[in-house]
file protein28.txt (compact mmCIF, C-alpha atoms)
# COMPACT_ATOMS: atom_id res chain seq x y z
CA MET Z 10 18.08 29.36 -16.04
CA GLN Z 11 16.34 32.65 -15.39
CA PRO Z 12 16.99 34.12 -11.94
CA ARG Z 13 13.24 34.11 -11.18
CA ARG Z 14 12.91 30.43 -11.97
CA LYS Z 15 16.04 29.69 -10.00
CA LYS Z 16 14.56 31.51 -7.02
CA ARG Z 17 11.29 29.56 -7.31
CA LEU Z 18 13.18 26.27 -7.68
CA LEU Z 19 15.29 26.99 -4.59
CA SER Z 20 12.32 28.08 -2.48
CA MET Z 21 10.38 24.96 -3.51
CA LEU Z 22 13.29 22.72 -2.56
CA LEU Z 23 13.62 24.57 0.74
CA VAL Z 24 9.92 24.13 1.54
CA ILE Z 25 10.02 20.41 0.69
CA SER Z 26 13.14 19.71 2.74
CA LEU Z 27 11.82 21.68 5.72
CA ILE Z 28 8.53 19.79 5.75
CA ALA Z 29 10.30 16.48 5.19
CA GLY Z 30 12.49 17.27 8.20
CA ALA Z 31 9.47 18.19 10.31
CA VAL Z 32 7.57 15.03 9.37
CA GLY Z 33 10.69 12.94 9.96
CA ALA Z 34 11.16 14.41 13.43
CA MET Z 35 7.48 13.88 14.22
CA LEU Z 36 7.54 10.23 13.16
CA PHE Z 37 10.75 9.70 15.10
CA ALA Z 38 9.12 11.12 18.23
CA LEU Z 39 6.03 8.98 17.73
CA GLN Z 40 8.06 5.85 16.97
CA GLN Z 41 6.79 3.88 19.93
CA ASN Z 42 3.18 4.73 19.22
CA ILE Z 43 3.26 3.79 15.55
CA ASN Z 44 4.37 0.21 16.21
CA LEU Z 45 1.24 -1.89 15.93
CA PHE Z 46 2.34 -4.40 18.53
CA TYR Z 47 4.93 -5.34 21.12
CA THR Z 48 7.05 -8.37 20.40
CA PRO Z 49 7.61 -10.76 23.33
CA GLY Z 50 11.18 -9.41 23.56
CA GLN Z 51 9.92 -5.81 23.80
CA LEU Z 52 7.29 -6.83 26.34
CA ILE Z 53 9.77 -8.50 28.67
CA GLN Z 54 12.97 -6.50 28.12
CA GLY Z 55 11.31 -3.13 27.51
CA LEU Z 56 10.83 -1.04 24.38
CA GLY Z 57 13.32 1.42 22.90
CA GLU Z 58 16.24 3.12 24.61
CA GLY Z 59 14.22 3.92 27.72
CA LYS Z 60 13.40 0.21 28.13
CA ILE Z 61 9.80 1.15 28.78
CA LYS Z 62 7.74 -1.81 29.91
CA PRO Z 63 3.94 -1.81 29.69
CA ASP Z 64 1.99 -1.84 32.94
CA ILE Z 65 -0.07 -4.78 34.09
CA GLY Z 66 -3.70 -4.20 33.15
CA GLN Z 67 -2.71 -2.10 30.12
CA ARG Z 68 -4.45 -2.80 26.82
CA LEU Z 69 -1.94 -3.65 24.12
CA ARG Z 70 -1.19 -5.80 21.12
CA LEU Z 71 1.37 -8.55 21.25
CA GLY Z 72 2.82 -10.04 18.08
CA GLY Z 73 5.08 -13.01 17.56
CA MET Z 74 5.39 -16.57 16.36
CA VAL Z 75 3.28 -19.32 17.90
CA VAL Z 76 5.72 -21.71 19.58
CA PRO Z 77 5.10 -25.20 18.15
CA GLY Z 78 3.69 -27.64 20.67
CA THR Z 79 2.36 -24.99 23.07
CA VAL Z 80 -1.20 -24.69 21.75
CA GLN Z 81 -3.59 -26.00 24.40
CA ARG Z 82 -7.27 -26.12 23.58
CA ASP Z 83 -9.98 -26.59 26.15
CA ALA Z 84 -12.02 -29.69 25.34
CA ASP Z 85 -15.40 -28.16 26.32
CA SER Z 86 -15.11 -24.53 25.18
CA LEU Z 87 -13.36 -22.25 22.70
CA LYS Z 88 -10.68 -21.36 25.25
CA VAL Z 89 -7.17 -21.64 23.88
CA ARG Z 90 -3.77 -20.87 25.31
CA PHE Z 91 -0.48 -20.66 23.46
CA ASP Z 92 3.03 -19.19 23.70
CA LEU Z 93 4.53 -16.54 21.46
CA THR Z 94 8.19 -15.92 20.79
CA ASP Z 95 10.41 -13.74 18.57
CA ASP Z 96 14.09 -13.36 17.61
CA SER Z 97 15.03 -12.44 21.18
CA GLY Z 98 13.95 -15.88 22.41
CA GLU Z 99 11.67 -14.42 25.12
CA ILE Z 100 8.36 -16.21 25.53
CA ALA Z 101 4.96 -14.68 26.37
CA THR Z 102 1.66 -16.51 26.83
CA VAL Z 103 -1.66 -15.60 25.23
CA GLU Z 104 -5.03 -16.71 26.56
CA PHE Z 105 -7.99 -16.37 24.23
CA GLU Z 106 -11.59 -17.46 23.99
CA GLY Z 107 -13.13 -17.39 20.54
CA ILE Z 108 -12.61 -18.40 16.96
CA LEU Z 109 -9.06 -18.26 15.67
CA PRO Z 110 -8.39 -17.09 12.07
CA ASP Z 111 -7.90 -19.74 9.38
CA LEU Z 112 -4.21 -18.99 9.10
CA PHE Z 113 -3.59 -19.69 12.79
CA ARG Z 114 -1.07 -22.50 13.02
CA GLU Z 115 1.90 -23.48 15.12
CA GLY Z 116 4.89 -21.55 13.82
CA GLN Z 117 2.65 -18.84 12.34
CA GLY Z 118 3.06 -15.14 13.10
CA ILE Z 119 0.04 -13.70 14.91
CA VAL Z 120 -1.00 -10.44 16.57
CA ALA Z 121 -3.16 -10.66 19.68
CA GLN Z 122 -4.94 -7.69 21.22
CA GLY Z 123 -5.99 -7.70 24.83
CA GLU Z 124 -5.18 -6.83 28.42
CA LEU Z 125 -1.90 -7.63 30.09
CA ARG Z 126 -2.73 -10.03 32.93
CA SER Z 127 0.77 -10.43 34.35
CA ALA Z 128 4.26 -9.56 33.08
CA THR Z 129 4.16 -12.27 30.43
CA VAL Z 130 0.48 -13.27 30.09
CA LEU Z 131 -1.96 -11.50 27.78
CA ALA Z 132 -5.72 -12.07 28.02
CA ALA Z 133 -6.61 -11.54 24.37
CA THR Z 134 -9.93 -10.33 23.02
CA GLU Z 135 -8.88 -10.58 19.37
CA VAL Z 136 -6.32 -12.72 17.55
CA LEU Z 137 -5.18 -11.76 14.04
CA ALA Z 138 -2.98 -13.88 11.81
CA LYS Z 139 0.04 -12.34 10.11
CA HIS Z 140 1.46 -13.90 6.99
CA ASP Z 141 4.81 -13.30 5.32
CA GLU Z 142 5.52 -11.91 1.87
CA GLU Z 143 6.33 -15.29 0.34
CA TYR Z 144 3.93 -16.80 -2.13
CA MET Z 145 4.44 -20.22 -3.72
CA PRO Z 146 2.48 -23.27 -4.81
CA PRO Z 147 2.11 -26.05 -2.18
CA GLU Z 148 4.50 -28.41 -4.01
CA VAL Z 149 7.23 -25.77 -4.05
CA ALA Z 150 6.71 -25.03 -0.36
CA GLU Z 151 7.02 -28.71 0.46
CA ALA Z 152 10.18 -29.12 -1.62
CA LEU Z 153 11.76 -25.87 -0.43
CA LYS Z 154 10.78 -25.66 3.20
CA GLY Z 155 9.70 -29.19 3.96
CA ILE Z 156 6.42 -27.92 5.38
CA ARG Z 157 3.03 -29.15 4.50
CA HIS Z 158 0.16 -26.87 5.34
CA VAL Z 159 -3.26 -28.38 5.71
CA PRO Z 160 -6.12 -25.92 6.09
CA PRO Z 161 -7.95 -26.50 9.40
CA SER Z 162 -11.15 -27.28 7.49
CA GLN Z 163 -9.46 -30.26 5.85
CA GLN Z 164 -7.62 -31.42 8.94
CA PRO Z 165 -8.64 -34.88 10.06
CA ALA Z 166 -10.55 -34.73 13.33
CA ALA Z 167 -8.02 -37.05 14.97
CA SER Z 168 -5.20 -34.53 14.79
CA ASN Z 169 -7.20 -31.97 16.75
CA ALA Z 170 -7.54 -34.39 19.62
CA ASN Z 171 -3.78 -34.27 20.13
CA TYR Z 172 -3.94 -30.84 21.69
CA GLY Z 173 -5.99 -31.98 24.64
CA GLY Z 174 -7.06 -29.30 27.03
CA MET H 16 15.78 16.01 -23.40
CA PHE H 17 14.36 19.52 -23.01
CA LYS H 18 14.59 20.06 -26.76
CA TRP H 19 12.22 17.12 -27.20
CA LEU H 20 9.96 18.09 -24.30
CA ASP H 21 9.77 21.82 -24.96
CA PRO H 22 7.27 21.78 -27.86
CA LEU H 23 4.93 19.62 -25.74
CA ALA H 24 4.41 22.52 -23.34
CA LYS H 25 2.29 24.11 -26.07
CA PRO H 26 -1.34 23.03 -25.56
CA GLU H 27 -2.08 22.42 -29.24
CA THR H 28 0.96 20.18 -29.78
CA LEU H 29 0.28 18.28 -26.56
CA TYR H 30 -3.37 17.80 -27.56
CA HIS H 31 -2.42 16.13 -30.84
CA PHE H 32 0.46 14.18 -29.23
CA CYS H 33 -1.88 12.72 -26.59
CA GLY H 34 -4.47 12.01 -29.28
CA LYS H 35 -1.96 9.92 -31.20
CA LEU H 36 -0.82 8.11 -28.06
CA THR H 37 -4.25 7.30 -26.59
CA PRO H 38 -5.42 4.45 -28.89
CA TRP H 39 -2.07 2.64 -28.56
CA LEU H 40 -1.98 3.04 -24.80
CA MET H 41 -5.63 2.09 -24.36
CA SER H 42 -5.49 -1.04 -26.53
CA SER H 43 -2.25 -2.31 -24.97
CA ALA H 44 -3.65 -1.55 -21.50
CA LEU H 45 -6.80 -3.56 -22.18
CA PHE H 46 -4.82 -6.44 -23.67
CA THR H 47 -2.36 -6.69 -20.77
CA LEU H 48 -5.14 -6.16 -18.22
CA LEU H 49 -7.16 -9.06 -19.62
CA LEU H 50 -4.09 -11.27 -20.01
CA GLY H 51 -2.64 -10.53 -16.58
CA ASN H 52 -5.89 -10.73 -14.65
CA ILE H 53 -7.33 -13.82 -16.35
CA TRP H 54 -3.99 -15.61 -15.98
CA GLY H 55 -3.48 -14.40 -12.44
CA LEU H 56 -7.01 -14.88 -11.14
CA GLY H 57 -7.81 -18.07 -13.01
CA PHE H 58 -4.74 -20.03 -13.92
CA THR H 59 -2.01 -19.57 -11.30
CA PRO H 60 -1.42 -22.28 -8.72
CA THR H 61 -2.89 -21.84 -5.24
CA ASP H 62 -0.67 -20.55 -2.46
CA TYR H 63 0.72 -23.02 0.08
CA GLN H 64 -0.54 -20.95 2.99
CA GLN H 65 -3.42 -18.83 1.82
CA GLY H 66 -5.03 -21.11 -0.74
CA ASP H 67 -7.06 -19.21 -3.30
CA SER H 68 -7.48 -16.03 -1.25
CA TYR H 69 -4.06 -14.73 -2.27
CA ARG H 70 -5.21 -14.31 -5.89
CA ILE H 71 -6.51 -10.83 -5.13
CA ILE H 72 -2.82 -9.88 -5.11
CA HIS H 73 -3.10 -9.54 -8.89
CA ILE H 74 -5.36 -6.50 -8.41
CA HIS H 75 -4.23 -5.30 -4.99
CA VAL H 76 -0.49 -4.99 -5.63
CA PRO H 77 -0.63 -3.33 -9.10
CA SER H 78 -3.20 -0.78 -7.93
CA ALA H 79 -1.23 -0.07 -4.75
CA ILE H 80 2.07 0.39 -6.60
CA MET H 81 0.47 2.54 -9.29
CA SER H 82 -1.42 4.64 -6.73
CA MET H 83 2.04 5.71 -5.61
CA GLY H 84 3.32 5.93 -9.19
CA ALA H 85 0.41 8.18 -10.10
CA TYR H 86 1.15 10.40 -7.11
CA MET H 87 4.80 10.70 -8.15
CA ALA H 88 3.72 11.65 -11.70
CA MET H 89 1.24 14.19 -10.31
CA ALA H 90 3.88 15.68 -8.01
CA ILE H 91 6.41 16.00 -10.84
CA ALA H 92 3.78 17.78 -12.94
CA ALA H 93 2.96 20.05 -9.98
CA PHE H 94 6.64 20.82 -9.40
CA THR H 95 7.09 21.68 -13.09
CA ALA H 96 4.00 23.85 -12.97
CA LEU H 97 5.22 25.75 -9.92
CA VAL H 98 8.83 26.30 -10.96
CA TRP H 99 8.55 26.71 -14.74
CA GLN H 100 4.95 27.96 -14.69
CA ILE H 101 3.86 25.75 -17.57
CA LYS H 102 0.08 25.69 -17.73
CA THR H 103 -0.16 22.29 -19.44
CA ALA H 104 1.74 20.81 -16.48
CA GLN H 105 -0.79 22.51 -14.22
CA TRP H 106 -3.67 20.85 -16.06
CA ALA H 107 -1.89 17.49 -15.87
CA VAL H 108 -2.01 17.68 -12.04
CA LEU H 109 -5.79 17.75 -12.01
CA ALA H 110 -5.93 15.19 -14.84
CA ILE H 111 -4.01 12.61 -12.80
CA ALA H 112 -5.52 13.24 -9.33
CA PRO H 113 -8.88 11.40 -9.69
CA ILE H 114 -7.25 8.43 -11.44
CA GLY H 115 -4.73 8.12 -8.63
CA ALA H 116 -7.50 8.44 -6.06
CA VAL H 117 -9.44 5.58 -7.70
CA TYR H 118 -6.30 3.41 -7.75
CA THR H 119 -5.76 4.14 -4.05
CA ALA H 120 -9.38 3.28 -3.28
CA ILE H 121 -9.07 0.01 -5.22
CA ALA H 122 -5.90 -0.85 -3.29
CA LEU H 123 -7.60 -0.11 0.03
CA LEU H 124 -10.81 -2.00 -0.77
CA THR H 125 -9.09 -5.10 -2.20
CA GLY H 126 -6.74 -4.99 0.78
CA MET H 127 -9.73 -5.02 3.13
CA ALA H 128 -11.33 -7.90 1.27
CA TRP H 129 -8.03 -9.77 1.54
CA GLY H 130 -7.44 -8.88 5.18
CA LYS H 131 -10.76 -10.20 6.46
CA PRO H 132 -10.25 -13.88 5.52
CA MET H 133 -6.46 -13.94 6.08
CA TRP H 134 -5.74 -11.68 9.05
CA GLY H 135 -9.20 -11.87 10.56
CA ALA H 136 -9.96 -8.13 10.36
CA TRP H 137 -11.19 -5.73 7.68
CA TRP H 138 -9.08 -2.89 8.93
CA VAL H 139 -6.19 -2.47 11.34
CA TRP H 140 -4.59 0.88 12.13
CA ASP H 141 -1.11 -0.28 11.25
CA ALA H 142 1.43 2.01 9.60
CA ARG H 143 1.03 0.67 6.05
CA LEU H 144 -2.75 0.86 5.97
CA THR H 145 -2.87 4.25 7.64
CA SER H 146 -0.27 5.84 5.36
CA GLU H 147 -2.09 4.51 2.28
CA LEU H 148 -5.32 6.03 3.63
CA ILE H 149 -3.47 9.34 4.03
CA LEU H 150 -2.49 9.05 0.35
CA LEU H 151 -6.19 8.85 -0.54
CA PHE H 152 -6.85 11.97 1.54
CA LEU H 153 -3.93 13.75 -0.18
CA TYR H 154 -5.57 13.08 -3.54
CA PHE H 155 -8.88 14.38 -2.18
CA GLY H 156 -7.08 17.41 -0.79
CA VAL H 157 -5.45 18.24 -4.12
CA MET H 158 -8.79 18.00 -5.91
CA ALA H 159 -10.65 19.98 -3.24
CA LEU H 160 -8.06 22.78 -3.06
CA HIS H 161 -8.19 23.12 -6.83
CA GLY H 162 -11.81 24.16 -6.63
CA ALA H 163 -11.71 25.96 -3.28
CA PHE H 164 -10.69 29.42 -4.51
CA SER H 165 -12.77 31.82 -6.53
CA GLU H 166 -9.68 32.61 -8.57
CA ARG H 167 -8.67 29.52 -10.52
CA GLN H 168 -4.97 30.39 -10.63
CA THR H 169 -4.68 30.56 -6.85
CA GLY H 170 -6.46 27.22 -6.40
CA ALA H 171 -4.19 25.55 -8.96
CA LYS H 172 -1.09 26.90 -7.23
CA VAL H 173 -2.13 25.82 -3.75
CA ALA H 174 -3.19 22.37 -4.98
CA SER H 175 0.17 21.93 -6.70
CA LEU H 176 1.96 22.91 -3.54
CA LEU H 177 0.06 20.26 -1.57
CA ALA H 178 0.80 17.68 -4.30
CA VAL H 179 4.54 18.43 -4.08
CA VAL H 180 4.67 18.44 -0.28
CA GLY H 181 2.67 15.19 -0.10
CA VAL H 182 5.51 13.32 -1.79
CA ILE H 183 6.91 12.85 1.71
CA ASN H 184 4.18 10.26 2.25
CA LEU H 185 5.50 7.98 -0.52
CA PRO H 186 8.68 6.76 1.23
CA ILE H 187 6.64 6.46 4.44
CA ILE H 188 4.19 4.11 2.69
CA HIS H 189 6.97 2.10 1.13
CA PHE H 190 9.16 1.71 4.21
CA SER H 191 6.36 1.55 6.79
CA VAL H 192 6.57 -2.24 6.87
CA GLU H 193 10.31 -2.05 7.60
CA TRP H 194 10.45 0.84 10.05
CA TRP H 195 7.65 -0.31 12.34
CA ASN H 196 5.97 -3.50 13.49
CA THR H 197 2.98 -3.88 11.19
CA LEU H 198 0.37 -6.53 10.52
CA HIS H 199 0.96 -5.98 6.81
CA GLN H 200 3.74 -8.19 5.47
CA GLY H 201 6.92 -6.87 3.88
CA ALA H 202 7.51 -6.18 0.19
CA SER H 203 7.42 -9.15 -2.18
CA ILE H 204 8.56 -7.53 -5.41
CA THR H 205 9.44 -3.86 -4.82
CA LYS H 206 12.84 -4.57 -3.32
CA PHE H 207 16.37 -5.11 -4.55
CA ALA H 208 16.48 -8.76 -3.53
CA LYS H 209 15.03 -11.65 -5.51
CA PRO H 210 11.22 -11.48 -5.50
CA SER H 211 9.82 -13.75 -2.78
CA ILE H 212 7.02 -14.94 -5.01
CA ASP H 213 7.12 -18.02 -7.18
CA PRO H 214 7.75 -17.35 -10.93
CA SER H 215 4.44 -19.02 -11.83
CA MET H 216 2.66 -16.29 -9.83
CA LEU H 217 5.12 -13.48 -10.52
CA TRP H 218 4.67 -13.25 -14.30
CA PRO H 219 0.93 -12.55 -14.34
CA LEU H 220 1.51 -10.07 -11.50
CA LEU H 221 4.14 -8.18 -13.52
CA ILE H 222 1.83 -8.15 -16.57
CA SER H 223 -1.00 -6.75 -14.43
CA LEU H 224 1.40 -4.13 -13.09
CA LEU H 225 2.26 -3.12 -16.66
CA ALA H 226 -1.46 -3.04 -17.47
CA PHE H 227 -2.24 -0.70 -14.57
CA SER H 228 0.57 1.66 -15.58
CA LEU H 229 -0.55 1.68 -19.23
CA LEU H 230 -4.14 2.31 -18.13
CA LEU H 231 -2.97 5.20 -15.96
CA ALA H 232 -1.12 6.72 -18.93
CA ALA H 233 -4.07 6.19 -21.28
CA LEU H 234 -6.63 7.72 -18.90
CA THR H 235 -4.29 10.63 -18.15
CA CYS H 236 -4.01 11.33 -21.89
CA VAL H 237 -7.79 11.32 -22.29
CA ARG H 238 -8.35 13.58 -19.28
CA LEU H 239 -5.52 15.92 -20.25
CA ARG H 240 -6.98 16.38 -23.74
CA THR H 241 -10.34 17.26 -22.24
CA ALA H 242 -8.66 19.74 -19.90
CA ILE H 243 -6.76 21.34 -22.79
CA LEU H 244 -9.97 21.77 -24.83
CA GLU H 245 -11.79 23.20 -21.82
CA ASN H 246 -9.09 25.73 -21.01
CA GLU H 247 -8.37 26.73 -24.60
CA GLN H 248 -11.93 26.82 -25.85
CA HIS H 249 -11.72 30.43 -27.00
CA ARG H 250 -8.48 29.94 -28.93
CA PRO H 251 -8.70 29.87 -32.72
CA TRP H 252 -7.15 26.38 -33.05
CA VAL H 253 -9.86 24.83 -30.91
CA LYS H 254 -12.60 26.67 -32.83
CA GLN H 255 -11.06 25.44 -36.06
CA LEU H 256 -10.96 21.89 -34.67
CA VAL H 257 -14.59 22.03 -33.63
CA SER H 258 -15.81 23.47 -36.92
CA LYS H 259 -13.96 20.71 -38.78
CA ALA H 260 -15.59 17.94 -36.78

call {"tool": "encode", "arguments": {"input": "protein28.txt", "output": "structure tokens"}}
result
Amino acid sequence: MQPRRKKRLLSMLLVISLIAGAVGAMLFALQQNINLFYTPGQLIQGLGEGKIKPDIGQRLRLGGMVVPGTVQRDADSLKVRFDLTDDSGEIATVEFEGILPDLFREGQGIVAQGELRSATVLAATEVLAKHDEEYMPPEVAEALKGIRHVPPSQQPAASNANYGG
Amino acid sequence: MFKWLDPLAKPETLYHFCGKLTPWLMSSALFTLLLGNIWGLGFTPTDYQQGDSYRIIHIHVPSAIMSMGAYMAMAIAAFTALVWQIKTAQWAVLAIAPIGAVYTAIALLTGMAWGKPMWGAWWVWDARLTSELILLFLYFGVMALHGAFSERQTGAKVASLLAVVGVINLPIIHFSVEWWNTLHQGASITKFAKPSIDPSMLWPLLISLLAFSLLLAALTCVRLRTAILENEQHRPWVKQLVSKA
């Protein structure tokens, strides 16, 4: 290789690695801000090494799995209240008034945005559903996971009455 | 490998090489695109959770993967152009950039159309969506820098530098769903584990992915040939070619 090319090659590699290092350091410093949501474990135990807990009244997003059997719907309005959990086992409650996304189910991952009412209660203004990266036909899901998903639009009206309010 | 690649640095050879390749690439791209998309959009089973909405995966995932593939190709061309100062590599950078930008835009728009019914929002500033948007801006930046200097050579050099430096964004896009909490789900096929997508849905997806990569190659060939003709228009071989036609 010609010395001039070698010099250009080395300087290019130097520039790339320097900028990669700078971006890496920046993302590392911003780590807590890039997370889209707190999990219930991070909300209650604190986030990162500093164990930083959000303040009451702070606007934040909370993401986790809807604990089966905790969804309580108000009979006369769109108010709904449910618990979220994650791997840590901590439980946080979300209160919401409005229309939930189609994918909202017990056991489903969701992300709720709102204001922290108390240490474990979030008054949500928006609820988004999160789905996993698994795709399969309904028969396969039933055979593999033993779950049977019925879209809310096809749910018999009787099953909604179970929630009570 | 360099023995085989070396003659292709010559514009005339590359022009004829791309000309031979284009019809094959284009016809196979169209065939696989039709096969993959008709199969995927029309004849795969519905998803257990998302029903029919998930079908947009057959456009969203191939365009998203190839938007990154196109960037990698562009960056390699830019790196070659900067270090070895090969002008055909320099032209390839600008040939790929708009195609990659369109792929990125398709990935973003289909993702939005998918996000609204499933997540409940068109757009969320999570790490995956934001880094993919930055990829679109990187493409725009490369194209804009190319034309931003009165001296063409300087613009080409600066644009190539941006293309090479922007490679840092690719691992960020890919690993964003692992490093941070995101609304976007994890990878279904671009991982070392078994794909978490049923074979009946996976095959049309892989065919569509092949189609998008073939289409990228075919369009790059067409654009590169145009760029070669434009830049070499005063050379005798081009004049000869034109007078023959």

call {"tool": "interface_residues", "arguments": {"input": "protein28.txt", "of": "chain H", "to": "chain Z", "cutoff": "9 Å", "atoms": "all atoms listed in the file", "output": "PyMOL selection string"}}
result
chain H and resi 59-66+69+94+97-100+132-136+139-142+176+179-180+182-183+194-203+210-216

call {"tool": "atom_distance", "arguments": {"input": "protein28.txt", "atom1": "atom CA of Pro219 of chain H", "atom2": "atom CA of Ala116 of chain H"}}
result
24.1 Å

call {"tool": "atom_distance", "arguments": {"input": "protein28.txt", "atom1": "atom CA of Ile243 of chain H", "atom2": "atom CA of Pro38 of chain H"}}
result
18.0 Å

call {"tool": "atom_distance", "arguments": {"input": "protein28.txt", "atom1": "atom CA of Ile187 of chain H", "atom2": "atom CA of His161 of chain H"}}
result
25.0 Å

call {"tool": "residues_around", "arguments": {"input": "protein28.txt", "residues": "Trp137 of chain H", "least_positions_apart": "2", "cutoff": "6 Å", "atoms": "only C-alpha atoms", "output": "compact mmCIF listing (two decimals) with C-alpha atoms, in the frame of the given file"}}
result
# COMPACT_ATOMS: atom_id res chain seq x y z
CA MET H 127 -9.73 -5.02 3.13
CA GLY H 130 -7.44 -8.88 5.18
CA LYS H 131 -10.76 -10.20 6.46
